[in-house]
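J.: If it helps, the file is called protein_11.txt and holds compact mmCIF, C-alpha atoms and all ligand atoms:
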# COMPACT_ATOMS: atom_id res chain seq x y z
CA MET A 6 60.04 -33.00 -16.07
CA GLU A 7 56.50 -32.40 -17.15
CA ALA A 8 53.56 -32.63 -14.81
CA SER A 9 50.74 -35.00 -15.69
CA ARG A 10 47.19 -35.45 -14.45
CA SER A 11 46.25 -38.52 -12.49
CA GLU A 12 43.23 -39.82 -10.66
CA ALA A 13 44.16 -40.47 -7.04
CA ILE A 14 42.97 -41.46 -3.58
CA VAL A 15 44.79 -40.09 -0.54
CA LEU A 16 46.17 -42.96 1.53
CA GLY A 17 47.87 -40.81 4.14
CA ALA A 18 49.67 -37.53 4.77
CA MET A 19 52.14 -36.09 7.23
CA ASP A 20 53.74 -32.71 7.87
CA TYR A 21 57.11 -32.12 6.28
CA ARG A 22 59.47 -29.23 6.88
CA GLU A 23 57.91 -25.95 7.88
CA SER A 24 55.09 -25.64 5.42
CA ASP A 25 54.95 -28.79 3.28
CA ARG A 26 53.20 -32.11 3.56
CA ILE A 27 54.24 -35.53 2.32
CA VAL A 28 51.25 -37.31 0.88
CA THR A 29 50.89 -40.96 -0.05
CA LEU A 30 48.58 -41.33 -3.01
CA PHE A 31 47.12 -44.33 -4.75
CA THR A 32 46.98 -43.17 -8.36
CA LEU A 33 45.21 -44.96 -11.18
CA GLN A 34 48.08 -44.36 -13.60
CA HIS A 35 51.18 -44.91 -11.43
CA GLY A 36 50.00 -46.96 -8.44
CA LYS A 37 51.27 -45.88 -5.02
CA VAL A 38 53.18 -42.60 -5.13
CA ARG A 39 54.66 -40.55 -2.31
CA GLY A 40 54.88 -36.89 -3.07
CA VAL A 41 55.59 -33.50 -1.55
CA ALA A 42 52.78 -30.96 -1.58
CA LYS A 43 54.69 -27.70 -1.24
CA GLY A 44 53.08 -25.10 0.95
CA ALA A 45 50.21 -27.44 1.79
CA LYS A 46 50.37 -26.60 5.49
CA ARG A 47 50.10 -22.88 4.83
CA SER A 48 48.15 -22.52 1.64
CA MET A 49 44.61 -23.70 2.22
CA ARG A 50 43.82 -22.08 -1.10
CA ARG A 51 45.97 -24.52 -3.07
CA PHE A 52 45.09 -27.76 -1.35
CA GLY A 53 42.22 -27.07 1.07
CA GLY A 54 40.93 -30.26 2.59
CA ALA A 55 42.14 -32.21 -0.43
CA LEU A 56 44.89 -34.05 1.42
CA ASP A 57 42.69 -35.73 4.01
CA PRO A 58 42.73 -39.54 4.06
CA PHE A 59 40.51 -41.28 1.48
CA ALA A 60 39.76 -38.04 -0.42
CA ARG A 61 39.38 -38.68 -4.13
CA LEU A 62 41.34 -36.27 -6.28
CA SER A 63 42.55 -35.31 -9.67
CA VAL A 64 46.20 -34.43 -9.06
CA GLU A 65 48.85 -32.69 -11.08
CA LEU A 66 51.93 -34.72 -10.49
CA VAL A 67 55.58 -34.87 -11.44
CA VAL A 68 56.43 -38.52 -10.83
CA ARG A 69 59.99 -39.21 -9.73
CA GLU A 70 61.75 -42.07 -8.06
CA GLY A 71 61.63 -41.51 -4.34
CA LEU A 72 59.57 -38.41 -3.67
CA SER A 73 57.31 -37.11 -6.42
CA SER A 74 56.03 -33.56 -6.60
CA ILE A 75 52.34 -32.77 -6.19
CA ARG A 76 51.76 -29.49 -8.04
CA GLY A 77 48.06 -29.22 -7.43
CA ALA A 78 44.96 -31.16 -6.52
CA ASP A 79 41.30 -30.84 -7.49
CA ILE A 80 38.77 -32.57 -5.29
CA VAL A 81 36.61 -35.17 -7.02
CA SER A 82 34.93 -36.17 -3.74
CA LEU A 83 35.69 -35.81 -0.05
CA TYR A 84 32.93 -38.36 0.68
CA PRO A 85 30.97 -36.14 3.10
CA ARG A 86 28.56 -38.89 4.18
CA ILE A 87 31.45 -41.12 5.20
CA ARG A 88 32.98 -38.25 7.17
CA ALA A 89 29.70 -37.66 9.03
CA ASP A 90 29.61 -41.23 10.39
CA LEU A 91 32.26 -42.50 12.81
CA ARG A 92 31.85 -46.14 11.83
CA LYS A 93 32.16 -45.34 8.12
CA ILE A 94 35.25 -43.26 8.86
CA GLY A 95 36.65 -46.36 10.56
CA LEU A 96 35.84 -48.56 7.56
CA ALA A 97 37.23 -46.12 4.98
CA GLY A 98 40.35 -45.51 7.09
CA TYR A 99 40.86 -49.25 7.34
CA ALA A 100 40.46 -49.71 3.57
CA VAL A 101 43.06 -47.07 2.71
CA GLU A 102 45.50 -48.36 5.32
CA VAL A 103 45.22 -51.91 3.96
CA ALA A 104 45.82 -50.57 0.44
CA GLU A 105 48.76 -48.46 1.64
CA ARG A 106 50.41 -51.39 3.40
CA PHE A 107 49.91 -53.92 0.61
CA LEU A 108 50.75 -51.79 -2.43
CA PRO A 109 54.33 -51.70 -3.66
CA ASP A 110 55.69 -48.30 -4.75
CA GLY A 111 55.19 -47.20 -8.31
CA ALA A 112 53.44 -50.23 -9.81
CA PRO A 113 50.00 -49.51 -11.26
CA TYR A 114 47.11 -51.62 -9.96
CA PRO A 115 44.09 -50.30 -11.89
CA ARG A 116 41.80 -53.12 -10.73
CA LEU A 117 42.63 -52.41 -7.10
CA PHE A 118 42.14 -48.69 -7.69
CA ARG A 119 38.67 -49.40 -9.07
CA LEU A 120 37.89 -51.74 -6.19
CA LEU A 121 38.88 -49.11 -3.61
CA THR A 122 36.95 -46.31 -5.30
CA ALA A 123 33.89 -48.58 -5.68
CA TYR A 124 34.10 -49.41 -1.96
CA LEU A 125 34.31 -45.72 -1.00
CA GLU A 126 31.33 -44.95 -3.24
CA HIS A 127 29.42 -47.83 -1.65
CA LEU A 128 30.25 -46.55 1.85
CA GLU A 129 29.22 -43.04 0.83
CA HIS A 130 25.82 -44.05 -0.54
CA GLY A 131 25.05 -47.23 1.44
CA GLU A 132 24.87 -48.46 5.00
CA GLY A 133 28.46 -49.59 5.38
CA GLU A 134 27.33 -53.15 6.08
CA PRO A 135 30.01 -55.63 7.26
CA SER A 136 29.55 -57.85 4.17
CA ALA A 137 30.93 -55.06 1.98
CA ARG A 138 34.15 -54.93 4.01
CA ARG A 139 34.64 -58.67 3.53
CA PHE A 140 33.83 -58.31 -0.18
CA PHE A 141 36.54 -55.64 -0.41
CA GLU A 142 39.11 -57.77 1.42
CA ALA A 143 38.45 -60.97 -0.56
CA ASN A 144 38.86 -59.07 -3.84
CA LEU A 145 41.89 -57.11 -2.64
CA LEU A 146 43.73 -60.32 -1.74
CA ASN A 147 42.74 -61.83 -5.06
CA ILE A 148 44.00 -58.85 -7.10
CA LEU A 149 47.30 -58.81 -5.22
CA GLY A 150 47.84 -62.52 -5.86
CA TYR A 151 46.97 -63.74 -2.36
CA ARG A 152 43.61 -65.29 -3.20
CA LEU A 153 42.14 -67.41 -0.37
CA ALA A 154 42.63 -71.09 -1.25
CA LEU A 155 39.22 -72.54 -0.40
CA GLU A 156 39.24 -75.67 -2.55
CA GLN A 157 42.43 -77.17 -1.20
CA CYS A 158 43.81 -77.99 2.25
CA GLY A 159 46.65 -75.58 3.04
CA ALA A 160 48.64 -78.29 4.85
CA CYS A 161 48.33 -81.58 2.92
CA GLY A 162 47.03 -80.23 -0.39
CA ALA A 163 43.94 -82.47 -0.45
CA GLU A 164 41.16 -81.31 -2.77
CA LEU A 165 38.13 -80.06 -0.86
CA PRO A 166 34.75 -80.50 -2.58
CA PRO A 167 32.16 -77.79 -1.80
CA ASP A 168 30.54 -79.68 1.11
CA ALA A 169 33.78 -81.09 2.63
CA PRO A 170 34.40 -80.15 6.28
CA ARG A 171 36.96 -77.39 6.66
CA ARG A 172 38.52 -75.42 9.46
CA CYS A 173 40.30 -72.10 9.65
CA GLY A 174 43.96 -72.72 10.45
CA PRO A 175 46.68 -70.23 11.42
CA ALA A 176 47.08 -67.22 9.08
CA GLY A 177 43.63 -67.76 7.58
CA VAL A 178 44.68 -70.98 5.86
CA VAL A 179 41.89 -73.47 5.10
CA LEU A 180 42.53 -76.96 6.46
CA CYS A 181 40.86 -80.33 5.79
CA ALA A 182 39.26 -82.33 8.64
CA ARG A 183 42.43 -84.40 9.12
CA CYS A 184 44.88 -81.49 9.28
CA GLY A 185 42.60 -79.09 11.16
CA ARG A 186 41.43 -80.58 14.46
CA VAL A 187 40.86 -77.26 16.20
CA GLY A 188 39.89 -73.83 14.92
CA THR A 189 36.66 -72.39 13.59
CA ILE A 190 34.64 -74.66 11.31
CA ILE A 191 34.17 -73.07 7.87
CA GLY A 192 30.76 -74.01 6.51
CA PRO A 193 29.85 -74.60 2.84
CA GLU A 194 27.78 -71.40 2.75
CA THR A 195 30.86 -69.33 3.67
CA VAL A 196 32.91 -71.02 0.94
CA ARG A 197 30.16 -70.40 -1.60
CA LEU A 198 29.74 -66.74 -0.68
CA LEU A 199 33.49 -66.04 -0.68
CA GLY A 200 33.63 -67.56 -4.17
CA LEU A 201 30.71 -65.36 -5.20
CA CYS A 202 32.61 -62.26 -3.98
CA LEU A 203 35.25 -62.93 -6.63
CA ALA A 204 32.73 -63.77 -9.33
CA THR A 205 30.78 -60.50 -9.17
CA GLY A 206 32.29 -57.05 -9.32
CA ARG A 207 29.43 -55.32 -7.56
CA PHE A 208 29.36 -54.19 -3.93
CA GLY A 209 26.12 -55.14 -2.22
CA ALA A 210 25.64 -58.23 -4.41
CA VAL A 211 26.87 -60.60 -1.68
CA ALA A 212 25.29 -60.58 1.79
CA PHE A 213 26.82 -62.87 4.41
CA PRO A 214 24.43 -64.19 7.07
CA PRO A 215 25.87 -63.77 10.62
CA ALA A 216 27.57 -67.19 10.94
CA ALA A 217 29.14 -66.98 7.48
CA LEU A 218 30.22 -63.42 8.20
CA ARG A 219 32.10 -64.55 11.32
CA GLU A 220 33.76 -67.42 9.47
CA ALA A 221 34.73 -65.33 6.45
CA GLY A 222 35.99 -62.63 8.81
CA GLU A 223 38.28 -65.04 10.61
CA LEU A 224 39.75 -66.33 7.34
CA LEU A 225 40.24 -62.85 5.87
CA ASP A 226 41.59 -61.21 9.04
CA GLY A 227 44.05 -64.08 9.39
CA ALA A 228 45.16 -63.93 5.76
CA ILE A 229 45.61 -60.15 5.80
CA ALA A 230 47.58 -60.16 9.07
CA ALA A 231 49.80 -62.95 7.72
CA HIS A 232 50.99 -60.74 4.86
CA LEU A 233 51.78 -57.71 7.02
CA THR A 234 54.80 -57.22 9.27
CA ARG A 235 52.95 -55.22 11.92
CA PRO A 236 49.29 -54.81 12.92
CA LEU A 237 47.06 -52.27 11.17
CA ASN A 238 46.50 -49.14 13.26
CA SER A 239 43.03 -48.64 11.82
CA LEU A 240 41.88 -52.13 12.79
CA ALA A 241 42.09 -51.38 16.53
CA PHE A 242 40.12 -48.16 15.91
CA LEU A 243 37.50 -49.98 13.85
CA ARG A 244 37.07 -52.73 16.46
CA GLN A 245 36.73 -50.13 19.22
CA ILE A 246 33.98 -48.27 17.32
CA GLU A 247 32.13 -51.51 16.61
CA ALA A 248 32.38 -52.59 20.27
CA ASP A 249 31.12 -49.17 21.43
CA LEU A 250 28.18 -49.28 19.01
CA ALA A 251 27.31 -52.84 20.05
CA SER A 252 27.19 -51.78 23.73
CA VAL A 253 24.79 -48.88 23.13
CA PRO A 254 21.38 -49.96 24.44
CA ILE A 255 18.67 -49.96 21.79
CA ILE A 256 15.66 -47.96 22.95
CA PRO A 257 12.42 -49.23 21.36
ZN ZN A 301 44.86 -81.58 4.99
Here is a file; write its structure as structure tokens.

T.:
Amino acid sequence: MEASRSEAIVLGAMDYRESDRIVTLFTLQHGKVRGVAKGAKRSMRRFGGALDPFARLSVELVVREGLSSIRGADIVSLYPRIRADLRKIGLAGYAVEVAERFLPDGAPYPRLFRLLTAYLEHLEHGEGEPSARRFFEANLLNILGYRLALEQCGACGAELPPDAPRRCGPAGVVLCARCGRVGTIIGPETVRLLGLCLATGRFGAVAFPPAALREAGELLDGAIAAHLTRPLNSLAFLRQIEADLASVPIIP
């Protein structure tokens, strides 16, 4: 079989046999692909740091069912500014783990590929603000067909006009005032901004104020967890970093 070039982001890698690594890639052309990088443990010359999580590559690939073969990899970007900042590492690691867990094998998702690369670029060149993470998640769910239903009660199906009272139910489901007696109240600003996330393709275009950020976060965390069979490893890491940073005293 002939090798072909593909744009790719490394979602994860592990050692395999004596000198090889198995790498999970999100490729633009083939979607999620697991492949063997022969000699990757020994030959720094062939792969270097290219197989680190969230590295952006141009790979030479022989795609097969099961394990593909990674013949070579050129680095497009290792995102050095992300790697110099622990919180950004947490955010990028979280983004690739979410993609890895949600993507089926071997089905191309070019819109999700562009979303993930745009998020990594935004993290590399921006502040890594929490709104961008929520923007990423809202769009990821939408692309995968799990769009948050904000205009309808998830229990009784009642239509919810923009200013109708809503609450966050289990699994990030939006509930009307009759079905949702407990749970976080979801304000109209949160609904509006989440809608805006799907209407614009640009990171940084939507900034959630603190209350809306908390509400959107509860909906999105709930919805993401509901579609996964086990918790995300990177989420615990991300929460720990954010808790540590929040506890650092600010010296004027
Ligand atoms: Zn209802």

J.: Record the distance separating atom CA of Ser63 of chain A and atom CA of Ala89 of chain A, expressed in Å with one decimal.

T.: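 Computing the Euclidean distance for atom CA of Ser63 of chain A and atom CA of Ala89 of chain A yields 22.8 Å.
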
J.: Which residues are near ligand ZN 301 (chain A) - at most 7 Å, using only C-alpha atoms and all ligand atoms? Format: as a ChimeraX atom specification.

T.: /A:158-163,180-184

J.: Print the selection's residues with C-alpha atoms to a file, as a PDB file, in the frame of the given file.

T.:
ATOM      1  CA  CYS A 158      43.810 -77.990   2.250  1.00  0.00           C
ATOM      2  CA  GLY A 159      46.650 -75.580   3.040  1.00  0.00           C
ATOM      3  CA  ALA A 160      48.640 -78.290   4.850  1.00  0.00           C
ATOM      4  CA  CYS A 161      48.330 -81.580   2.920  1.00  0.00           C
ATOM      5  CA  GLY A 162      47.030 -80.230  -0.390  1.00  0.00           C
ATOM      6  CA  ALA A 163      43.940 -82.470  -0.450  1.00  0.00           C
ATOM      7  CA  LEU A 180      42.530 -76.960   6.460  1.00  0.00           C
ATOM      8  CA  CYS A 181      40.860 -80.330   5.790  1.00  0.00           C
ATOM      9  CA  ALA A 182      39.260 -82.330   8.640  1.00  0.00           C
ATOM     10  CA  ARG A 183      42.430 -84.400   9.120  1.00  0.00           C
ATOM     11  CA  CYS A 184      44.880 -81.490   9.280  1.00  0.00           C
TER      12      CYS A 184
END

J.: Got a sec: who's within 9 Å of segment 52-60 of chain A, counting all atoms listed in the file, leaving out chain neighbours fewer than 2 positions off, as a ChimeraX atom specification?

T.: /A:13-18,26,28,42,44-46,48-50,62,77-84,97-98,100-101,125

J.: Write out as a short mmCIF file (atom, residue, chain, number, x, y, z; two decimals) with C-alpha atoms, in the coordinates of the input each polymer residue whose atoms come within 6 Å of segment 204-218 of chain A, counting only C-alpha atoms; drop sequence neighbours fewer than 4 positions from it.

T.:
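Result file is out_2.cif:
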data_model
loop_
_atom_site.label_atom_id
_atom_site.label_comp_id
_atom_site.auth_asym_id
_atom_site.auth_seq_id
_atom_site.Cartn_x
_atom_site.Cartn_y
_atom_site.Cartn_z
CA SER A 136 29.55 -57.85 4.17
CA THR A 195 30.86 -69.33 3.67
CA GLY A 222 35.99 -62.63 8.81
#

J.: With only C-alpha atoms counted and 12 Å as the cut-off, give the residues of segment 121-178 of chain A in contact with segment 245-248 of chain A, each with its shortest interatomic distance in Å and the pair that gives it, as JSON lines.

T.:
{"residue": "A:Gly133", "atom": "CA", "partner": "A:Glu247", "partner_atom": "CA", "distance": 12.0}
{"residue": "A:Glu134", "atom": "CA", "partner": "A:Glu247", "partner_atom": "CA", "distance": 11.7}
{"residue": "A:Pro135", "atom": "CA", "partner": "A:Glu247", "partner_atom": "CA", "distance": 10.4}

J.: Kindly export the residues of the current selection with C-alpha atoms, as an mmCIF file, in the coordinates of the input.

T.:
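And here's again19.cif as it stands now:
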data_model
loop_
_atom_site.group_PDB
_atom_site.id
_atom_site.type_symbol
_atom_site.label_atom_id
_atom_site.label_comp_id
_atom_site.auth_asym_id
_atom_site.auth_seq_id
_atom_site.Cartn_x
_atom_site.Cartn_y
_atom_site.Cartn_z
ATOM 1 C CA GLY A 133 28.460 -49.590 5.380
ATOM 2 C CA GLU A 134 27.330 -53.150 6.080
ATOM 3 C CA PRO A 135 30.010 -55.630 7.260
#

J.: Quick one: of A:Val103, A:Leu117, A:Ala251, A:Ala8, who's nearest to Ile75 of chain A, counting only C-alpha atoms?

T.: A:Ala8

J.: Rounded to one decimal in Å, what is the spacing between atom CA of Ile87 of chain A and atom CA of Leu128 of chain A?

T.: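 Between these atoms lies a distance of 6.5 Å.
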
J.: So which one's closest to Ala176 of chain A, A:Asp226, A:Glu102, A:Glu194, A:Glu142? Using only C-alpha atoms, please.

T.: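 Among A:Asp226, A:Glu102, A:Glu194, A:Glu142, it is A:Asp226 that comes nearest to Ala176 of chain A.
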
J.: In terms of the shortest atom-to-atom distance over all atoms listed in the file, which of A:Leu225, A:Val38, A:Leu243, A:Val67 is closest to Leu108 of chain A?

T.: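 Checking each of A:Leu225, A:Val38, A:Leu243, A:Val67 against Leu108 of chain A, counting all atoms listed in the file, the winner is A:Val38.
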
J.: I'd like to know which of A:Leu224, A:Leu146, A:Leu33, A:Ala154 is closest to Ala112 of chain A, using all atoms listed in the file.

T.: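 Between A:Leu224, A:Leu146, A:Leu33, A:Ala154, the residue approaching Ala112 of chain A most closely is A:Leu33.
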
J.: Using all atoms listed in the file for the distances, tell me which of A:Pro175, A:Gly150, A:Gly95, A:Gly40 is nearest to Ser239 of chain A.

T.: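 Result for the nearest residue to Ser239 of chain A: A:Gly95.
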
J.: Can you pull segment 60-106 of chain A out of that block with C-alpha atoms and hand it back as a CSV table (one decimal), in the first residue's frame?

T.:
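Just written: part-v5.csv:
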chain,number,residue,atom,x,y,z
A,60,ALA,CA,1.9,18.5,18.4
A,61,ARG,CA,0.7,19.5,14.9
A,62,LEU,CA,2.3,17.4,12.2
A,63,SER,CA,2.4,16.5,8.5
A,64,VAL,CA,2.6,12.7,8.6
A,65,GLU,CA,3.4,10.1,6.0
A,66,LEU,CA,0.9,7.4,6.6
A,67,VAL,CA,-0.1,4.0,5.3
A,68,VAL,CA,-3.7,3.8,6.5
A,69,ARG,CA,-5.0,0.3,7.3
A,70,GLU,CA,-7.8,-1.1,9.3
A,71,GLY,CA,-6.7,-1.6,12.9
A,72,LEU,CA,-3.1,-0.3,13.2
A,73,SER,CA,-1.9,2.1,10.5
A,74,SER,CA,1.8,2.7,9.8
A,75,ILE,CA,3.4,6.0,10.4
A,76,ARG,CA,6.4,6.3,8.1
A,77,GLY,CA,7.5,9.7,9.0
A,78,ALA,CA,6.4,13.0,10.6
A,79,ASP,CA,7.4,16.6,10.0
A,80,ILE,CA,6.6,19.1,12.7
A,81,VAL,CA,4.2,21.9,11.7
A,82,SER,CA,4.1,23.3,15.3
A,83,LEU,CA,4.9,21.9,18.8
A,84,TYR,CA,3.2,25.0,20.2
A,85,PRO,CA,6.1,26.1,22.4
A,86,ARG,CA,4.1,28.9,24.2
A,87,ILE,CA,1.5,26.3,25.3
A,88,ARG,CA,4.3,24.0,26.6
A,89,ALA,CA,5.8,26.8,28.6
A,90,ASP,CA,2.6,27.4,30.6
A,91,LEU,CA,1.2,24.7,32.9
A,92,ARG,CA,-2.4,25.9,32.7
A,93,LYS,CA,-2.2,26.0,28.9
A,94,ILE,CA,-0.8,22.5,28.9
A,95,GLY,CA,-3.8,21.5,31.0
A,96,LEU,CA,-6.2,23.1,28.5
A,97,ALA,CA,-4.5,21.7,25.4
A,98,GLY,CA,-4.3,18.2,27.0
A,99,TYR,CA,-7.9,18.4,27.9
A,100,ALA,CA,-8.9,19.4,24.4
A,101,VAL,CA,-7.0,16.5,22.8
A,102,GLU,CA,-8.4,14.0,25.3
A,103,VAL,CA,-12.0,15.1,24.6
A,104,ALA,CA,-11.4,14.8,20.9
A,105,GLU,CA,-9.7,11.4,21.4
A,106,ARG,CA,-12.6,10.1,23.4
